[in-house]
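Data block for data-v1.json (JSON, C-alpha atoms):
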[["chain", "number", "residue", "atom", "x", "y", "z"],
["L", 435, "MET", "CA", 70.61, 79.42, -62.53],
["L", 436, "ALA", "CA", 69.68, 75.74, -62.36],
["L", 437, "GLU", "CA", 70.82, 75.70, -58.75],
["L", 438, "GLU", "CA", 68.65, 78.76, -58.01],
["L", 439, "LYS", "CA", 65.62, 77.04, -59.61],
["L", 440, "LYS", "CA", 66.26, 73.92, -57.55],
["L", 441, "THR", "CA", 66.32, 76.01, -54.43],
["L", 442, "GLN", "CA", 63.00, 77.56, -55.39],
["L", 443, "GLU", "CA", 61.56, 74.10, -55.93],
["L", 444, "GLN", "CA", 62.85, 73.05, -52.56],
["L", 445, "ILE", "CA", 61.30, 76.14, -50.98],
["L", 446, "ALA", "CA", 57.97, 75.41, -52.67],
["L", 447, "GLN", "CA", 58.13, 71.80, -51.54],
["L", 448, "GLU", "CA", 58.92, 72.86, -47.99],
["L", 449, "LEU", "CA", 56.09, 75.39, -48.02],
["L", 450, "ALA", "CA", 53.64, 72.73, -49.23],
["L", 451, "THR", "CA", 54.82, 70.37, -46.45],
["L", 452, "LYS", "CA", 54.43, 73.13, -43.86],
["L", 453, "MET", "CA", 50.94, 73.99, -45.13],
["L", 454, "SER", "CA", 49.75, 70.39, -45.00],
["L", 455, "GLU", "CA", 51.30, 70.10, -41.55],
["L", 456, "GLN", "CA", 49.44, 73.23, -40.44],
["L", 457, "ALA", "CA", 46.19, 71.68, -41.68],
["L", 458, "GLU", "CA", 47.06, 68.56, -39.67],
["L", 459, "VAL", "CA", 47.67, 70.70, -36.57],
["L", 460, "THR", "CA", 44.26, 72.38, -36.96],
["L", 461, "LYS", "CA", 42.58, 68.99, -37.35],
["L", 462, "THR", "CA", 44.40, 67.66, -34.28],
["L", 463, "GLU", "CA", 43.27, 70.68, -32.24],
["L", 464, "GLN", "CA", 39.66, 69.80, -33.13],
["L", 465, "TYR", "CA", 40.21, 66.19, -31.98],
["L", 466, "LEU", "CA", 41.59, 67.46, -28.67],
["L", 467, "GLU", "CA", 38.62, 69.67, -27.90],
["L", 468, "ASN", "CA", 36.45, 66.85, -26.58],
["L", 469, "ASN", "CA", 36.31, 63.06, -26.15],
["L", 470, "ILE", "CA", 33.61, 63.07, -28.84],
["L", 471, "ILE", "CA", 34.40, 63.84, -32.48],
["L", 472, "GLU", "CA", 31.60, 65.29, -34.60],
["L", 473, "PHE", "CA", 31.91, 65.43, -38.36],
["L", 474, "PRO", "CA", 29.67, 66.25, -41.32],
["L", 475, "TYR", "CA", 29.22, 63.72, -44.08],
["L", 476, "LYS", "CA", 26.75, 63.89, -46.97],
["L", 477, "GLU", "CA", 24.59, 66.57, -45.34],
["L", 478, "LYS", "CA", 24.31, 64.65, -42.08],
["L", 479, "THR", "CA", 26.15, 65.08, -38.79],
["L", 480, "TYR", "CA", 27.93, 62.04, -37.43],
["L", 481, "ARG", "CA", 29.85, 61.52, -34.23],
["L", 482, "MET", "CA", 32.28, 59.06, -32.72],
["L", 483, "ARG", "CA", 32.41, 58.83, -28.95],
["L", 484, "ARG", "CA", 34.20, 56.93, -26.18],
["L", 485, "PRO", "CA", 32.72, 53.55, -25.22],
["L", 486, "THR", "CA", 30.71, 52.97, -22.04],
["L", 487, "ILE", "CA", 31.72, 50.17, -19.65],
["L", 488, "ARG", "CA", 28.94, 48.02, -21.11],
["L", 489, "GLU", "CA", 30.24, 48.60, -24.65],
["L", 490, "LYS", "CA", 33.77, 47.73, -23.58],
["L", 491, "SER", "CA", 32.42, 44.55, -22.05],
["L", 492, "ILE", "CA", 30.54, 43.68, -25.27],
["L", 493, "VAL", "CA", 33.75, 44.12, -27.27],
["L", 494, "ASN", "CA", 35.74, 42.01, -24.80],
["L", 495, "SER", "CA", 33.22, 39.16, -24.96],
["L", 496, "SER", "CA", 33.21, 39.34, -28.73],
["L", 497, "LYS", "CA", 37.02, 39.26, -28.69],
["L", 498, "ILE", "CA", 36.99, 35.97, -26.74],
["L", 499, "LEU", "CA", 34.48, 34.44, -29.17],
["L", 500, "LYS", "CA", 36.57, 35.63, -32.11],
["L", 501, "MET", "CA", 39.72, 34.15, -30.58],
["L", 502, "ASN", "CA", 38.07, 30.72, -30.18],
["L", 503, "GLU", "CA", 36.79, 30.96, -33.74],
["L", 504, "LEU", "CA", 40.27, 31.79, -35.05],
["L", 505, "ILE", "CA", 41.84, 28.90, -33.11],
["L", 506, "LYS", "CA", 39.22, 26.52, -34.57],
["L", 507, "GLN", "CA", 39.94, 27.85, -38.06],
["L", 508, "GLY", "CA", 43.62, 27.02, -37.59],
["L", 509, "PHE", "CA", 45.08, 30.51, -37.14],
["L", 510, "SER", "CA", 48.30, 30.68, -35.12],
["L", 511, "PHE", "CA", 49.44, 32.86, -32.27],
["L", 512, "GLN", "CA", 52.29, 35.25, -33.01],
["L", 513, "LYS", "CA", 54.94, 33.01, -31.45],
["L", 514, "GLN", "CA", 53.82, 29.95, -33.43],
["L", 515, "LEU", "CA", 53.53, 31.99, -36.62],
["L", 516, "ILE", "CA", 57.11, 33.23, -36.24],
["L", 517, "ASP", "CA", 58.32, 29.59, -36.08],
["L", 518, "GLN", "CA", 56.10, 28.59, -39.03],
["L", 519, "LEU", "CA", 57.34, 31.48, -41.18],
["L", 520, "LYS", "CA", 60.92, 30.46, -40.49],
["L", 521, "GLU", "CA", 60.36, 26.77, -41.20],
["L", 522, "THR", "CA", 58.12, 27.01, -44.27],
["L", 523, "GLN", "CA", 59.17, 30.25, -45.98],
["L", 524, "GLY", "CA", 62.58, 30.99, -44.52],
["L", 525, "ILE", "CA", 61.33, 34.36, -43.18],
["L", 526, "ASP", "CA", 63.19, 35.24, -39.99],
["L", 527, "VAL", "CA", 60.98, 37.64, -38.00],
["L", 528, "GLU", "CA", 63.29, 37.41, -34.98],
["L", 529, "ALA", "CA", 66.13, 38.66, -37.16],
["L", 530, "ILE", "CA", 63.94, 41.67, -38.07],
["L", 531, "ASP", "CA", 63.44, 42.27, -34.32],
["L", 532, "VAL", "CA", 67.20, 42.22, -33.80],
["L", 533, "LYS", "CA", 67.62, 44.75, -36.63],
["L", 534, "ILE", "CA", 64.92, 47.00, -35.14],
["L", 535, "ALA", "CA", 66.66, 46.88, -31.74],
["L", 536, "ARG", "CA", 70.05, 47.56, -33.34],
["L", 537, "LEU", "CA", 68.62, 50.60, -35.12],
["L", 538, "ALA", "CA", 67.06, 51.81, -31.85],
["L", 539, "ASN", "CA", 70.51, 51.64, -30.24],
["L", 540, "GLU", "CA", 72.09, 53.49, -33.15],
["L", 541, "ILE", "CA", 69.42, 56.21, -32.84],
["L", 542, "LYS", "CA", 70.21, 56.54, -29.12],
["L", 543, "LYS", "CA", 73.94, 56.85, -29.89],
["L", 544, "GLU", "CA", 73.24, 59.61, -32.42],
["L", 545, "GLN", "CA", 70.94, 61.36, -29.93],
["L", 546, "ASP", "CA", 73.77, 61.25, -27.40],
["L", 547, "ARG", "CA", 76.01, 62.93, -29.98],
["L", 548, "LEU", "CA", 73.40, 65.49, -31.05],
["L", 549, "ALA", "CA", 72.38, 66.92, -27.66],
["L", 550, "PRO", "CA", 75.77, 68.35, -26.61],
["L", 551, "GLU", "CA", 76.94, 69.21, -30.17],
["L", 552, "VAL", "CA", 77.36, 72.96, -30.71],
["L", 553, "ASN", "CA", 78.45, 73.07, -34.35],
["L", 554, "LYS", "CA", 75.41, 73.80, -36.55],
["L", 555, "GLN", "CA", 76.62, 71.81, -39.55],
["L", 556, "SER", "CA", 77.43, 68.78, -37.43],
["L", 557, "ARG", "CA", 74.00, 69.04, -35.77],
["L", 558, "GLU", "CA", 72.32, 69.02, -39.19],
["L", 559, "ALA", "CA", 74.33, 65.98, -40.29],
["L", 560, "ILE", "CA", 73.42, 64.07, -37.11],
["L", 561, "LYS", "CA", 69.76, 65.02, -37.48],
["L", 562, "GLN", "CA", 69.75, 63.70, -41.03],
["L", 563, "LYS", "CA", 71.39, 60.47, -39.85],
["L", 564, "ILE", "CA", 68.73, 60.06, -37.10],
["L", 565, "GLN", "CA", 65.94, 60.63, -39.63],
["L", 566, "GLU", "CA", 67.45, 58.02, -41.98],
["L", 567, "LEU", "CA", 67.76, 55.50, -39.15],
["L", 568, "LYS", "CA", 64.16, 56.17, -38.08],
["L", 569, "ASN", "CA", 62.93, 55.68, -41.65],
["L", 570, "GLU", "CA", 64.84, 52.40, -41.89],
["L", 571, "GLN", "CA", 63.41, 51.29, -38.53],
["L", 572, "TYR", "CA", 59.88, 52.24, -39.60],
["L", 573, "LEU", "CA", 60.13, 50.14, -42.77],
["L", 574, "LEU", "CA", 61.22, 47.13, -40.73],
["L", 575, "ILE", "CA", 58.36, 47.63, -38.26],
["L", 576, "VAL", "CA", 55.89, 47.74, -41.16],
["L", 577, "GLN", "CA", 57.50, 44.66, -42.72],
["L", 578, "LYS", "CA", 57.25, 42.75, -39.41],
["L", 579, "ALA", "CA", 53.60, 43.79, -38.94],
["L", 580, "ASP", "CA", 52.91, 42.62, -42.47],
["L", 581, "TYR", "CA", 54.36, 39.16, -41.78],
["L", 582, "LEU", "CA", 52.45, 38.87, -38.51],
["L", 583, "GLN", "CA", 49.13, 40.13, -39.90],
["L", 584, "PRO", "CA", 47.63, 36.58, -40.05],
["L", 585, "SER", "CA", 48.43, 36.00, -36.34],
["L", 586, "ILE", "CA", 45.59, 35.69, -33.83],
["L", 587, "GLU", "CA", 46.83, 38.79, -31.96],
["L", 588, "ALA", "CA", 46.78, 40.97, -35.09],
["L", 589, "GLN", "CA", 43.38, 39.63, -36.17],
["L", 590, "LEU", "CA", 41.95, 40.30, -32.71],
["L", 591, "TYR", "CA", 43.33, 43.84, -32.69],
["L", 592, "GLU", "CA", 41.66, 44.53, -36.04],
["L", 593, "HIS", "CA", 38.43, 42.90, -34.84],
["L", 594, "THR", "CA", 38.41, 45.11, -31.71],
["L", 595, "ILE", "CA", 38.81, 48.31, -33.74],
["L", 596, "LEU", "CA", 36.02, 47.26, -36.12],
["L", 597, "GLN", "CA", 33.75, 46.31, -33.21],
["L", 598, "PHE", "CA", 34.23, 49.72, -31.57],
["L", 599, "ALA", "CA", 33.65, 51.49, -34.88],
["L", 600, "SER", "CA", 30.39, 49.60, -35.42],
["L", 601, "LEU", "CA", 29.17, 50.28, -31.87],
["L", 602, "LEU", "CA", 30.17, 53.91, -31.42],
["L", 603, "LEU", "CA", 29.37, 55.62, -34.70],
["L", 604, "GLU", "CA", 26.22, 57.72, -34.34],
["L", 605, "VAL", "CA", 24.22, 60.05, -36.57],
["L", 606, "LYS", "CA", 21.90, 62.95, -35.70],
["L", 607, "ASN", "CA", 18.33, 62.24, -36.82],
["L", 608, "GLU", "CA", 15.47, 64.66, -37.74],
["L", 609, "LYS", "CA", 14.52, 64.96, -34.06],
["L", 610, "ASN", "CA", 18.09, 66.07, -33.25],
["L", 611, "GLU", "CA", 18.77, 62.82, -31.39],
["L", 612, "TRP", "CA", 21.91, 60.75, -31.68],
["L", 613, "VAL", "CA", 21.16, 57.26, -32.97],
["L", 614, "LYS", "CA", 23.44, 54.35, -33.87],
["L", 615, "VAL", "CA", 24.36, 54.14, -37.56],
["L", 616, "PHE", "CA", 24.67, 50.35, -37.52],
["L", 617, "LYS", "CA", 22.18, 48.03, -35.82],
["L", 618, "ASN", "CA", 24.80, 45.33, -35.40],
["L", 619, "PHE", "CA", 28.31, 44.27, -36.37],
["L", 620, "ASP", "CA", 27.16, 42.41, -39.49],
["L", 621, "GLU", "CA", 25.51, 45.56, -40.83],
["L", 622, "PHE", "CA", 28.81, 47.40, -40.34],
["L", 623, "ILE", "CA", 30.84, 44.67, -42.04],
["L", 624, "ASP", "CA", 28.43, 44.62, -45.00],
["L", 625, "CYS", "CA", 28.42, 48.42, -45.32],
["L", 626, "THR", "CA", 29.38, 49.46, -48.85],
["L", 627, "ASN", "CA", 30.13, 53.06, -47.90],
["L", 628, "GLU", "CA", 33.88, 52.64, -47.61],
["L", 629, "THR", "CA", 34.56, 56.31, -46.84],
["L", 630, "LEU", "CA", 32.28, 56.37, -43.82],
["L", 631, "VAL", "CA", 33.72, 53.09, -42.51],
["L", 632, "ASN", "CA", 37.31, 54.33, -42.94],
["L", 633, "VAL", "CA", 36.56, 57.63, -41.19],
["L", 634, "ALA", "CA", 34.93, 55.71, -38.32],
["L", 635, "ILE", "CA", 37.99, 53.44, -37.97],
["L", 636, "HIS", "CA", 40.31, 56.46, -38.02],
["L", 637, "TYR", "CA", 38.37, 58.17, -35.24],
["L", 638, "VAL", "CA", 38.34, 55.00, -33.11],
["L", 639, "ASN", "CA", 42.14, 55.08, -33.27],
["L", 640, "VAL", "CA", 42.16, 58.74, -32.21],
["L", 641, "LEU", "CA", 39.80, 58.22, -29.26],
["L", 642, "ILE", "CA", 40.59, 54.76, -27.87],
["V", 253, "MET", "CA", 68.77, 73.52, -43.38],
["V", 254, "LYS", "CA", 66.50, 70.57, -44.08],
["V", 255, "TYR", "CA", 62.93, 70.58, -42.78],
["V", 256, "TYR", "CA", 61.76, 67.55, -40.84],
["V", 257, "PRO", "CA", 58.08, 66.69, -40.29],
["V", 258, "GLN", "CA", 56.75, 67.48, -36.81],
["V", 259, "ASP", "CA", 54.15, 65.62, -34.73],
["V", 260, "PRO", "CA", 51.01, 67.84, -34.65],
["V", 261, "VAL", "CA", 50.22, 66.87, -31.03],
["V", 262, "ARG", "CA", 53.68, 68.05, -29.96],
["V", 263, "VAL", "CA", 53.44, 71.21, -32.09],
["V", 264, "LEU", "CA", 50.29, 72.14, -30.16],
["V", 265, "ALA", "CA", 51.65, 71.08, -26.76],
["V", 266, "ARG", "CA", 54.70, 73.33, -27.07],
["V", 267, "SER", "CA", 52.78, 76.31, -28.49],
["V", 268, "PRO", "CA", 52.73, 79.42, -26.24],
["V", 269, "TYR", "CA", 48.91, 79.37, -26.29],
["V", 270, "TRP", "CA", 48.52, 75.84, -24.90],
["V", 271, "GLN", "CA", 51.43, 76.25, -22.50],
["V", 272, "MET", "CA", 49.75, 79.35, -21.10],
["V", 273, "ILE", "CA", 46.37, 77.59, -20.78],
["V", 274, "TYR", "CA", 48.07, 74.59, -19.15],
["V", 275, "ALA", "CA", 49.91, 76.77, -16.60],
["V", 276, "ARG", "CA", 46.72, 78.73, -15.77],
["V", 277, "SER", "CA", 44.64, 75.56, -15.49],
["V", 278, "LYS", "CA", 47.00, 74.36, -12.75],
["V", 279, "GLU", "CA", 46.38, 77.57, -10.78],
["V", 280, "LEU", "CA", 42.72, 78.26, -11.56],
["V", 281, "SER", "CA", 40.28, 75.39, -11.35],
["V", 282, "HIS", "CA", 37.70, 76.99, -13.68],
["V", 283, "ILE", "CA", 40.14, 77.02, -16.60],
["V", 284, "ARG", "CA", 39.79, 73.71, -18.37],
["V", 285, "LEU", "CA", 41.85, 72.31, -21.21],
["V", 286, "PHE", "CA", 39.07, 70.26, -22.80],
["V", 287, "LYS", "CA", 35.27, 70.21, -22.88],
["V", 288, "ASN", "CA", 35.35, 66.89, -21.00],
["V", 289, "ASP", "CA", 37.03, 66.70, -17.60],
["V", 290, "LYS", "CA", 37.09, 62.88, -17.35],
["V", 291, "ASP", "CA", 37.18, 59.82, -19.60],
["V", 292, "PHE", "CA", 39.99, 61.31, -21.67],
["V", 293, "SER", "CA", 40.58, 60.08, -25.20],
["V", 294, "ALA", "CA", 43.87, 58.51, -26.29],
["V", 295, "ILE", "CA", 44.94, 61.66, -28.11],
["V", 296, "GLN", "CA", 44.09, 63.85, -25.09],
["V", 297, "ILE", "CA", 46.23, 61.65, -22.81],
["V", 298, "THR", "CA", 49.17, 61.92, -25.22],
["V", 299, "PHE", "CA", 48.64, 65.68, -25.37],
["V", 300, "LEU", "CA", 48.62, 65.97, -21.54],
["V", 301, "TYR", "CA", 51.90, 64.03, -21.42],
["V", 302, "TRP", "CA", 53.59, 66.40, -23.89],
["V", 303, "LEU", "CA", 52.14, 69.51, -22.21],
["V", 304, "GLU", "CA", 53.96, 68.54, -19.00],
["V", 305, "ILE", "CA", 57.20, 67.60, -20.79],
["V", 306, "TYR", "CA", 57.31, 70.93, -22.66],
["V", 307, "SER", "CA", 56.27, 72.85, -19.53],
["V", 308, "GLN", "CA", 59.33, 71.42, -17.76],
["V", 309, "ALA", "CA", 61.50, 72.17, -20.80],
["V", 310, "TYR", "CA", 60.43, 75.84, -20.87],
["V", 311, "GLN", "CA", 61.18, 75.98, -17.15],
["V", 312, "LYS", "CA", 64.68, 74.61, -17.74],
["V", 313, "PHE", "CA", 65.14, 77.01, -20.67],
["V", 314, "ALA", "CA", 64.22, 79.92, -18.36],
["V", 315, "GLU", "CA", 66.78, 78.62, -15.87],
["V", 316, "LYS", "CA", 69.36, 78.88, -18.70],
["V", 317, "ASP", "CA", 69.97, 75.17, -19.36],
["V", 318, "SER", "CA", 72.94, 75.32, -21.73],
["V", 319, "LEU", "CA", 71.68, 72.36, -23.76],
["V", 320, "LEU", "CA", 68.31, 73.98, -24.54],
["V", 321, "SER", "CA", 67.22, 76.67, -26.96],
["V", 322, "LYS", "CA", 63.88, 77.61, -28.52],
["V", 323, "GLU", "CA", 65.03, 75.98, -31.77],
["V", 324, "ILE", "CA", 65.69, 72.71, -29.94],
["V", 325, "ILE", "CA", 62.31, 72.82, -28.17],
["V", 326, "ASN", "CA", 60.59, 73.44, -31.52],
["V", 327, "ASP", "CA", 62.21, 70.51, -33.31],
["V", 328, "ASP", "CA", 61.06, 66.95, -32.54],
["V", 329, "ILE", "CA", 64.36, 65.28, -33.47],
["V", 330, "GLU", "CA", 66.50, 67.73, -31.51],
["V", 331, "PHE", "CA", 64.20, 67.73, -28.51],
["V", 332, "ASP", "CA", 64.03, 63.90, -28.43],
["V", 333, "ALA", "CA", 67.84, 63.87, -28.43],
["V", 334, "TYR", "CA", 67.86, 66.36, -25.52],
["V", 335, "LEU", "CA", 65.35, 64.23, -23.56],
["V", 336, "TYR", "CA", 67.32, 61.05, -24.13],
["V", 337, "TYR", "CA", 70.62, 62.76, -23.27],
["V", 338, "ILE", "CA", 69.40, 64.18, -19.96],
["V", 339, "SER", "CA", 67.60, 60.97, -18.92],
["V", 340, "HIS", "CA", 70.71, 59.01, -19.82],
["V", 341, "LYS", "CA", 72.98, 61.36, -17.86],
["V", 342, "LYS", "CA", 70.57, 61.31, -14.92],
["V", 343, "SER", "CA", 70.53, 57.50, -14.79],
["V", 344, "ASP", "CA", 74.34, 57.49, -15.06],
["V", 345, "LYS", "CA", 74.50, 59.90, -12.12],
["V", 346, "GLN", "CA", 72.03, 57.81, -10.12],
["V", 347, "GLY", "CA", 74.03, 54.68, -10.91],
["V", 348, "THR", "CA", 77.22, 56.32, -9.64],
["V", 349, "GLN", "CA", 75.37, 57.56, -6.57],
["V", 350, "LYS", "CA", 74.03, 54.04, -5.88],
["V", 351, "ARG", "CA", 77.49, 52.53, -6.22],
["V", 352, "PHE", "CA", 78.86, 55.28, -3.97],
["V", 353, "ASN", "CA", 76.17, 54.67, -1.33],
["V", 354, "LYS", "CA", 76.72, 50.93, -1.38],
["V", 355, "LYS", "CA", 80.48, 50.95, -1.03],
["V", 356, "GLY", "CA", 80.93, 54.27, 0.73],
["V", 357, "ALA", "CA", 83.46, 56.95, -0.12],
["V", 358, "ILE", "CA", 86.49, 54.71, 0.25],
["V", 359, "GLY", "CA", 85.09, 51.79, -1.69],
["V", 360, "MET", "CA", 84.23, 49.72, 1.40],
["V", 361, "PRO", "CA", 80.67, 48.47, 2.07],
["V", 362, "SER", "CA", 79.07, 50.76, 4.66],
["V", 363, "LEU", "CA", 77.93, 49.44, 8.04],
["V", 364, "VAL", "CA", 74.36, 50.55, 7.36],
["V", 365, "GLN", "CA", 74.29, 48.60, 4.11],
["V", 366, "LYS", "CA", 75.89, 45.61, 5.83],
["V", 367, "LYS", "CA", 73.32, 45.60, 8.63],
["V", 368, "ARG", "CA", 70.44, 45.83, 6.13],
["V", 369, "SER", "CA", 71.74, 42.95, 4.08]]

Whole structure, structure tokens version:
Amino acid sequence: MAEEKKTQEQIAQELATKMSEQAEVTKTEQYLENNIIEFPYKEKTYRMRRPTIREKSIVNSSKILKMNELIKQGFSFQKQLIDQLKETQGIDVEAIDVKIARLANEIKKEQDRLAPEVNKQSREAIKQKIQELKNEQYLLIVQKADYLQPSIEAQLYEHTILQFASLLLEVKNEKNEWVKVFKNFDEFIDCTNETLVNVAIHYVNVLI
Amino acid sequence: MKYYPQDPVRVLARSPYWQMIYARSKELSHIRLFKNDKDFSAIQITFLYWLEIYSQAYQKFAEKDSLLSKEIINDDIEFDAYLYYISHKKSDKQGTQKRFNKKGAIGMPSLVQKKRS
């Protein structure tokens, strides 16, 4: 009886996963429709679009300025940071890289076993093993990114995304014209509407 | 059987609807996949990549590739394994072919190769 209940729970869990996945598929299909994403927010219509060449150039120039600023402030490039982390905190990022590569090889080996395997039970077991290895690899990638977050490269990547978000987010006004939401980067950075900022960042990642 | 999460872009790319639209768009220029026909977004480029991969997979499935089934095409983990396996086998084959071409059938360097080098 308990086993039957557990199965029902599993079925319910699976159904919930499938439903949320279906919602994700629908959302993705909307993103694919065009290179512009329109979305309603607080009774207004917003949109995120692809950058023009001029906007890309603005972001690139700003990236160079930001890099010089970060160097002046004493931030380190990834390579230097890896050495510093090892020397000062005993954190071995290169060892994490080795582990990530080892896991990638293990995944490939399992994939080589899975493709020609005909036995259903063995296929399931291999699939589960691959999923476990991928999860383990993902955690290490996140851990590595976390350690390297203060690096100039990571800071510049974040700066680029924020710059695009500030430049490309537009709202439809009373005259039905698209106008920029933020006059400049500072206005975006000081924006207290966290939801709108997060949505804008998400859409930049989808489009660019 | 355990259920594994699927990438929504790949779910759409392998769907009969999008595969049909993709095939028709290759034949008929007025059928377009997206509203824009240039300056594609990152997600659209990824989608185009998977449309082609799955189009080739369905082709191979129709040609009765023994390693493929609809279940495999519809499962990211299984399909990734299939893709890796065939690319791996192909590169193995090409490697053997290269070695064969270099040394010739009896393991001796061929005259053509010798002249070139």

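Once only C-alpha atoms are considered, the residues situated within 12 Å of the file point (67.6, 63.7, -21.5) turn out to be Lys542, Gln545, Asp546, Arg547, Leu548, Ala549 and Pro550 of chain L; Ile305, Gln308, Ala309, Lys312, Asp317, Leu319, Leu320, Glu330, Phe331, Asp332, Ala333, Tyr334, Leu335, Tyr336, Tyr337, Ile338, Ser339, His340, Lys341, Lys342, Ser343 and Asp344 of chain V.
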
(request) Considering only C-alpha atoms, state which residue in the set L:Lys568, L:His636, L:Lys561, L:Lys513 is at the smallest distance from Tyr255 (chain V). (result) L:Lys561

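You can rank V:Ser321, V:Lys290, V:Ile329, V:Leu264 by their closest distance to Ile560 (chain L) using only C-alpha atoms, and at the top of that list sits V:Ile329.
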
(message) List the spatial neighbours of region 291-294 of chain V as a ChimeraX atom specification - criterion: any atom at most 7 Å away, only C-alpha atoms, same-chain residues fewer than 3 positions off excluded.
(response) /L:469,640-642 /V:297-298

Generate the output file for the selected residues, C-alpha atoms, as a short mmCIF file (atom, residue, chain, number, x, y, z; two decimals), in the frame of the given file.
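Dumped everything to result-v8.cif:
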data_model
loop_
_atom_site.label_atom_id
_atom_site.label_comp_id
_atom_site.auth_asym_id
_atom_site.auth_seq_id
_atom_site.Cartn_x
_atom_site.Cartn_y
_atom_site.Cartn_z
CA ASN L 469 36.31 63.06 -26.15
CA VAL L 640 42.16 58.74 -32.21
CA LEU L 641 39.80 58.22 -29.26
CA ILE L 642 40.59 54.76 -27.87
CA ILE V 297 46.23 61.65 -22.81
CA THR V 298 49.17 61.92 -25.22
#

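Distances from L:Glu544, L:Glu521, L:Asp526, L:Glu489 to chain V were compared using all atoms listed in the file, and the smallest one belongs to L:Glu544.
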
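Note that the spacing between CA of Lys617 (chain L) and CA of Ala588 (chain L) amounts to 25.6 Å.
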
Using all atoms listed in the file and a distance of at most 10 Å, pull out the residues of chain L that contact chain V, as a short mmCIF file (atom, residue, chain, number, x, y, z; two decimals) with C-alpha atoms, in the coordinates of the input.
data_model
loop_
_atom_site.label_atom_id
_atom_site.label_comp_id
_atom_site.auth_asym_id
_atom_site.auth_seq_id
_atom_site.Cartn_x
_atom_site.Cartn_y
_atom_site.Cartn_z
CA GLN L 444 62.85 73.05 -52.56
CA GLU L 448 58.92 72.86 -47.99
CA LEU L 449 56.09 75.39 -48.02
CA THR L 451 54.82 70.37 -46.45
CA LYS L 452 54.43 73.13 -43.86
CA GLU L 455 51.30 70.10 -41.55
CA GLN L 456 49.44 73.23 -40.44
CA ALA L 457 46.19 71.68 -41.68
CA GLU L 458 47.06 68.56 -39.67
CA VAL L 459 47.67 70.70 -36.57
CA THR L 460 44.26 72.38 -36.96
CA LYS L 461 42.58 68.99 -37.35
CA THR L 462 44.40 67.66 -34.28
CA GLU L 463 43.27 70.68 -32.24
CA TYR L 465 40.21 66.19 -31.98
CA LEU L 466 41.59 67.46 -28.67
CA GLU L 467 38.62 69.67 -27.90
CA ASN L 468 36.45 66.85 -26.58
CA ASN L 469 36.31 63.06 -26.15
CA ILE L 470 33.61 63.07 -28.84
CA ARG L 483 32.41 58.83 -28.95
CA ARG L 484 34.20 56.93 -26.18
CA PRO L 485 32.72 53.55 -25.22
CA THR L 486 30.71 52.97 -22.04
CA ILE L 541 69.42 56.21 -32.84
CA LYS L 542 70.21 56.54 -29.12
CA LYS L 543 73.94 56.85 -29.89
CA GLU L 544 73.24 59.61 -32.42
CA GLN L 545 70.94 61.36 -29.93
CA ASP L 546 73.77 61.25 -27.40
CA ARG L 547 76.01 62.93 -29.98
CA LEU L 548 73.40 65.49 -31.05
CA ALA L 549 72.38 66.92 -27.66
CA PRO L 550 75.77 68.35 -26.61
CA GLU L 551 76.94 69.21 -30.17
CA VAL L 552 77.36 72.96 -30.71
CA LYS L 554 75.41 73.80 -36.55
CA GLN L 555 76.62 71.81 -39.55
CA ARG L 557 74.00 69.04 -35.77
CA GLU L 558 72.32 69.02 -39.19
CA ALA L 559 74.33 65.98 -40.29
CA ILE L 560 73.42 64.07 -37.11
CA LYS L 561 69.76 65.02 -37.48
CA GLN L 562 69.75 63.70 -41.03
CA ILE L 564 68.73 60.06 -37.10
CA GLN L 565 65.94 60.63 -39.63
CA VAL L 638 38.34 55.00 -33.11
CA ASN L 639 42.14 55.08 -33.27
CA VAL L 640 42.16 58.74 -32.21
CA LEU L 641 39.80 58.22 -29.26
CA ILE L 642 40.59 54.76 -27.87
#

Exercise: Gln589 (chain L) partners within 10 Å, all atoms listed in the file, chain neighbours under 3 positions left out, as a tab-separated table (two decimals) with C-alpha atoms, in the coordinates of the input:
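Output saved as out.tsv:
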chain	number	residue	atom	x	y	z
L	497	LYS	CA	37.02	39.26	-28.69
L	500	LYS	CA	36.57	35.63	-32.11
L	501	MET	CA	39.72	34.15	-30.58
L	504	LEU	CA	40.27	31.79	-35.05
L	509	PHE	CA	45.08	30.51	-37.14
L	511	PHE	CA	49.44	32.86	-32.27
L	582	LEU	CA	52.45	38.87	-38.51
L	583	GLN	CA	49.13	40.13	-39.90
L	584	PRO	CA	47.63	36.58	-40.05
L	585	SER	CA	48.43	36.00	-36.34
L	586	ILE	CA	45.59	35.69	-33.83
L	592	GLU	CA	41.66	44.53	-36.04
L	593	HIS	CA	38.43	42.90	-34.84
L	594	THR	CA	38.41	45.11	-31.71

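Atom pair CA of Ile575 (chain L) / CA of Arg536 (chain L) has a distance of 12.7 Å (rounded to one decimal).
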
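Taking CA of Tyr475 (chain L) as the reference point, CA of Lys609 (chain L) is found at 17.8 Å.
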
(message) My list of candidates is L:Leu567, L:Ala538, L:Ala529, L:Val615. Which is closest to Leu630 (chain L) when distances are computed with only C-alpha atoms?
(response) L:Val615

Once you add 8 Å to each side, what are the centre and edge lengths of the axis-aligned box holding all listed atoms of region 307-315 of chain V? One decimal in Å, as JSON, if you can.
{"center_x": 61.5, "center_y": 75.7, "center_z": -18.4, "size_x": 26.5, "size_y": 24.5, "size_z": 21.0}
